[in-house]
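Below is one structure, written out as structure tokens; the observations come after it.
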Amino acid sequence: MTTPLVHEPSALALTVNGDPRSVAAGSSLSDLLASLKLDPRLVVVEHNRTILRDRDAYPSIALADGDVLEIVHFVGGG
Amino acid sequence: MTASPVALEALDTPFVIGGREFRSRLMVGTGKYASNQQMIAAIEASGAEVVTVAVRRVDLDRTKDEGILYHLDPQRFMLLANTAGCFTADDTIRYARLARAAGFNEWVKLEVIGDQQTLLPDAAATIEATRVLAAEGFKVMAYTNDDLISALRLEDAGAVCVMPLASPIGSGLGMLNEFAIRTIKHRLSVPVIVDAGVGTASDAAIVMEQGVDGVLMNTGIAAAQDPIRMATAMRLAVDAGRLAYLAGRMPRREVAVPSSPTTGMLDR
């Protein structure tokens with residue numbers, strides 16, 4: 001028996017709103033939002049170009065190395 | 001005599017877009033205010049029910065950067081997301097979908113900008129995006145030029161209302177082509193809301209006197225020296241222009257016609 005050469009990274013390298021950001025391996029989307037101190041009810045998340053419409057699913061969405069996330073909200077505009 | 005709000009309702013017809021009735025023909029934006037407190041006070045003074053908001057990235061490094069939902073109650077106002085800043089149909093569709101995922105409603109103020117300098121709309125891209133989003137169940141309020149053919153195509157693509165400009169966004173130049181706006185209003189079946197270009201109250205009255213269904217503005221209020229007074233002026237001007245349109249103006253004459261009797265004068 002040999003140990004697989006593939007190893008779990010201890011941190012995940014993400015791109016969040018265009019900037020690199022790392023989170024602990026095994027983090028969920030809810031974990032990321034909590035670490036950013038964002039209220040899930042007040043933002044919309046796009047995960048690898050897929051818009052997530054079901055906020056109840058955030059705790060079960062696992063983040064992976066290389067994921068690209070956009071987190072948007074409403075601001076003043078005309 | 002000042003008409004009370006109740007009297008005004010009796011004098012006007014219901015204002016319905018996409019099956020929903022609105023209580024104010026004035027819609028306002030939320031950008032460019034000096035403070036959120038000033039924005040709220042101006043919106044309340046305007047009497048608007050529909051307020052537009054933009055979709056932008058959350059600034060992750062600034063804890064003070066709060067979204068507008070901290071200040072605007074979605075139960076009190078109908079939040080109308082715009083796609084401001086988008087230059088392609090694909091981007092516009094993405095922003096509209098993001099806005100819908102916020103979970104408030106299916107409405108979107110669709111704008112696809114065609115030119116950075118003038119911010120004039122790209123009609124072809126707007127028509128394309130309208131078709132896609134209307135098929136997805138969006139209620140599309142489509143910002144466009146004061147061009148009849150673009151307006152007709154947008155209606156055909158499924159827009160619930162068409163929003164031609166009075167003049168370029170943020171210009172405050174007022175109504176540049178009354179004929180074009182009246183032509184669009186005459187020919188379309190869906191409501192026509194004039195969006196952009198209103199600089200002061202008389203502009204708003206002139207817009208409404210063309211017979212259009214409503215008007216949307218932001219900078220005309222937000223960039224006034226006193227936005228709360230200007231919001232009040234805009235509310236009154238929209239009502240005044242609407243009632244003047246419904247009343248039907250007197251014919252224009254190139255000669256004077258006396259208002260007082262010409263008989264009964266002394267020493268004649």
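Just so we're on the same page: first chain in the structure tokens is A, next is B, and so on; residues restart at 1 for each chain, and ligands are numbered from 1 in the order they show up.
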At a cut-off of 9 Å, which residues of chain A touch chain B? Count only C-alpha atoms and give the answer as a short mmCIF file (atom, residue, chain, number, x, y, z; two decimals) with C-alpha atoms, in the first residue's frame.
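File produced: iface-v8.cif:
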data_model
loop_
_atom_site.label_atom_id
_atom_site.label_comp_id
_atom_site.auth_asym_id
_atom_site.auth_seq_id
_atom_site.Cartn_x
_atom_site.Cartn_y
_atom_site.Cartn_z
CA VAL A 16 -13.32 36.65 -4.68
CA ASN A 17 -14.52 39.81 -6.41
CA LEU A 36 -16.12 38.28 5.39
CA LYS A 37 -18.78 39.39 7.90
CA LEU A 38 -21.46 39.42 5.21
CA ARG A 41 -29.66 37.81 3.01
CA LEU A 42 -28.14 41.05 1.74
CA VAL A 43 -25.81 39.72 -0.94
CA VAL A 44 -26.00 37.60 -4.05
CA VAL A 45 -23.27 35.07 -4.83
CA GLU A 46 -22.11 33.85 -8.19
CA ILE A 51 -25.77 32.36 -9.72
CA LEU A 52 -26.86 30.80 -6.43
CA ARG A 53 -30.50 31.59 -5.84
CA ASP A 54 -31.06 29.28 -2.84
CA GLU A 70 -18.52 37.19 -7.23
CA ILE A 71 -20.37 38.67 -4.27
CA VAL A 72 -22.66 41.55 -5.18
CA HIS A 73 -25.26 43.72 -3.52
CA PHE A 74 -27.50 46.67 -4.31
CA VAL A 75 -26.00 50.14 -4.19
CA GLY A 76 -27.35 53.58 -5.09
CA GLY A 77 -27.97 54.08 -8.78
CA GLY A 78 -30.27 55.64 -11.33
#
Counting only C-alpha atoms, what is within 8 Å of Val238 in chain B, bar same-chain residues fewer than 2 positions away, as a PyMOL selection string? chain B and resi 25-26+201+204-205+208+214-215+234-236+240-242
Save the residues we just selected, N, CA and C atoms, as a tab-separated table (two decimals), in the first residue's frame?
chain	number	residue	atom	x	y	z
B	25	ARG	N	-46.48	58.34	-10.57
B	25	ARG	CA	-45.92	58.34	-11.93
B	25	ARG	C	-44.47	58.81	-11.95
B	26	LEU	N	-43.98	59.18	-10.79
B	26	LEU	CA	-42.58	59.59	-10.66
B	26	LEU	C	-41.77	58.44	-10.04
B	201	ALA	N	-37.90	71.15	-12.49
B	201	ALA	CA	-39.32	70.79	-12.44
B	201	ALA	C	-40.04	71.04	-13.76
B	204	ALA	N	-39.80	68.20	-16.08
B	204	ALA	CA	-40.67	67.08	-15.72
B	204	ALA	C	-42.10	67.34	-16.18
B	205	ALA	N	-42.54	68.57	-16.01
B	205	ALA	CA	-43.90	68.92	-16.44
B	205	ALA	C	-44.02	68.78	-17.96
B	208	MET	N	-44.31	65.16	-18.95
B	208	MET	CA	-45.64	64.58	-18.69
B	208	MET	C	-46.70	65.17	-19.61
B	214	GLY	N	-45.18	58.07	-17.35
B	214	GLY	CA	-44.43	58.38	-16.15
B	214	GLY	C	-43.05	58.88	-16.51
B	215	VAL	N	-42.27	59.17	-15.47
B	215	VAL	CA	-40.92	59.69	-15.68
B	215	VAL	C	-40.01	59.15	-14.59
B	234	MET	N	-40.44	68.20	-8.08
B	234	MET	CA	-40.63	67.19	-9.13
B	234	MET	C	-41.96	66.48	-8.96
B	235	ARG	N	-42.30	66.16	-7.71
B	235	ARG	CA	-43.58	65.50	-7.45
B	235	ARG	C	-44.73	66.37	-7.95
B	236	LEU	N	-44.69	67.64	-7.62
B	236	LEU	CA	-45.75	68.56	-8.03
B	236	LEU	C	-45.75	68.75	-9.55
B	240	ALA	N	-48.64	68.06	-12.11
B	240	ALA	CA	-49.12	69.20	-12.90
B	240	ALA	C	-49.08	68.88	-14.39
B	241	GLY	N	-47.97	68.31	-14.84
B	241	GLY	CA	-47.85	67.98	-16.25
B	241	GLY	C	-48.86	66.93	-16.67
B	242	ARG	N	-49.05	65.95	-15.81
B	242	ARG	CA	-50.01	64.88	-16.11
B	242	ARG	C	-51.43	65.46	-16.23
For a test of reading the model, state the distance in Å between CA of Thr50 in chain A and CA of Gly66 in chain A, rounded to one decimal. 14.7 Å
Under the rule that only C-alpha atoms are counted, which of A:Ala64, A:Leu69, A:Asn48, A:Ser27 is the nearest residue to Thr15 in chain A? A:Leu69
May I have all residues of chain A that DSSP, computed from the backbone, assigns to strand (DSSP E), given as a list in words?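 For chain A, the strand (DSSP E) set is Ala11, Leu12, Ala13, Leu14, Thr15, Val16, Asp19, Pro20, Arg21, Ser22, Val23, Ala24, Val44, Val45, Glu46, His47, Thr50, Ile51, Leu52, Val68, Leu69, Glu70, Ile71, Val72, His73, Phe74, Val75 and Gly76 of chain A.
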Distance query Ile113 in chain B at most 6 Å, only C-alpha atoms, self and fewer than 5 positions along chain excluded, as a ChimeraX atom specification: /B:87,119-122
Go ahead and compute the interatomic distance for CA of Ala231 in chain B and CA of Leu243 in chain B, in Å to one decimal.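 Taking CA of Ala231 in chain B as the start and CA of Leu243 in chain B as the end point, the length is 18.4 Å.
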Would you return as a list in words the members of chain A that DSSP assigns to alpha helix (DSSP H) on this structure's backbone?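 So the alpha helix (DSSP H) residues in chain A would be Leu29, Ser30, Asp31, Leu32, Leu33, Ala34 and Ser35 of chain A.
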Take the residues from that selection and write them out as a PDB file, in the first residue's frame, keeping all heavy atoms.
ATOM      1  N   LEU A  29     -19.470  27.766   1.539  1.00  0.00           N
ATOM      2  CA  LEU A  29     -19.780  29.138   1.159  1.00  0.00           C
ATOM      3  C   LEU A  29     -20.218  29.950   2.379  1.00  0.00           C
ATOM      4  O   LEU A  29     -19.859  31.115   2.531  1.00  0.00           O
ATOM      5  CB  LEU A  29     -20.871  29.143   0.077  1.00  0.00           C
ATOM      6  CG  LEU A  29     -21.321  30.514  -0.400  1.00  0.00           C
ATOM      7  CD1 LEU A  29     -20.156  31.350  -0.895  1.00  0.00           C
ATOM      8  CD2 LEU A  29     -22.373  30.362  -1.498  1.00  0.00           C
ATOM      9  N   SER A  30     -20.964  29.304   3.254  1.00  0.00           N
ATOM     10  CA  SER A  30     -21.385  29.998   4.479  1.00  0.00           C
ATOM     11  C   SER A  30     -20.183  30.419   5.310  1.00  0.00           C
ATOM     12  O   SER A  30     -20.168  31.526   5.870  1.00  0.00           O
ATOM     13  CB  SER A  30     -22.279  29.094   5.322  1.00  0.00           C
ATOM     14  OG  SER A  30     -23.515  28.934   4.703  1.00  0.00           O
ATOM     15  N   ASP A  31     -19.179  29.551   5.375  1.00  0.00           N
ATOM     16  CA  ASP A  31     -17.960  29.884   6.130  1.00  0.00           C
ATOM     17  C   ASP A  31     -17.285  31.121   5.533  1.00  0.00           C
ATOM     18  O   ASP A  31     -16.826  32.008   6.255  1.00  0.00           O
ATOM     19  CB  ASP A  31     -16.971  28.717   6.114  1.00  0.00           C
ATOM     20  CG  ASP A  31     -17.516  27.484   6.811  1.00  0.00           C
ATOM     21  OD1 ASP A  31     -18.349  27.649   7.734  1.00  0.00           O
ATOM     22  OD2 ASP A  31     -17.127  26.364   6.425  1.00  0.00           O
ATOM     23  N   LEU A  32     -17.224  31.152   4.202  1.00  0.00           N
ATOM     24  CA  LEU A  32     -16.582  32.300   3.545  1.00  0.00           C
ATOM     25  C   LEU A  32     -17.329  33.596   3.863  1.00  0.00           C
ATOM     26  O   LEU A  32     -16.717  34.603   4.229  1.00  0.00           O
ATOM     27  CB  LEU A  32     -16.538  32.078   2.024  1.00  0.00           C
ATOM     28  CG  LEU A  32     -16.036  33.287   1.216  1.00  0.00           C
ATOM     29  CD1 LEU A  32     -14.563  33.569   1.499  1.00  0.00           C
ATOM     30  CD2 LEU A  32     -16.259  33.086  -0.278  1.00  0.00           C
ATOM     31  N   LEU A  33     -18.653  33.551   3.729  1.00  0.00           N
ATOM     32  CA  LEU A  33     -19.438  34.761   3.992  1.00  0.00           C
ATOM     33  C   LEU A  33     -19.275  35.199   5.447  1.00  0.00           C
ATOM     34  O   LEU A  33     -19.153  36.395   5.736  1.00  0.00           O
ATOM     35  CB  LEU A  33     -20.916  34.525   3.660  1.00  0.00           C
ATOM     36  CG  LEU A  33     -21.239  34.314   2.175  1.00  0.00           C
ATOM     37  CD1 LEU A  33     -22.734  34.097   1.982  1.00  0.00           C
ATOM     38  CD2 LEU A  33     -20.767  35.481   1.326  1.00  0.00           C
ATOM     39  N   ALA A  34     -19.242  34.227   6.338  1.00  0.00           N
ATOM     40  CA  ALA A  34     -19.077  34.560   7.761  1.00  0.00           C
ATOM     41  C   ALA A  34     -17.714  35.210   7.999  1.00  0.00           C
ATOM     42  O   ALA A  34     -17.603  36.194   8.734  1.00  0.00           O
ATOM     43  CB  ALA A  34     -19.240  33.308   8.612  1.00  0.00           C
ATOM     44  N   SER A  35     -16.688  34.677   7.340  1.00  0.00           N
ATOM     45  CA  SER A  35     -15.344  35.233   7.537  1.00  0.00           C
ATOM     46  C   SER A  35     -15.254  36.655   6.967  1.00  0.00           C
ATOM     47  O   SER A  35     -14.450  37.465   7.417  1.00  0.00           O
ATOM     48  CB  SER A  35     -14.291  34.333   6.890  1.00  0.00           C
ATOM     49  OG  SER A  35     -14.318  34.468   5.487  1.00  0.00           O
TER      50      SER A  35
END
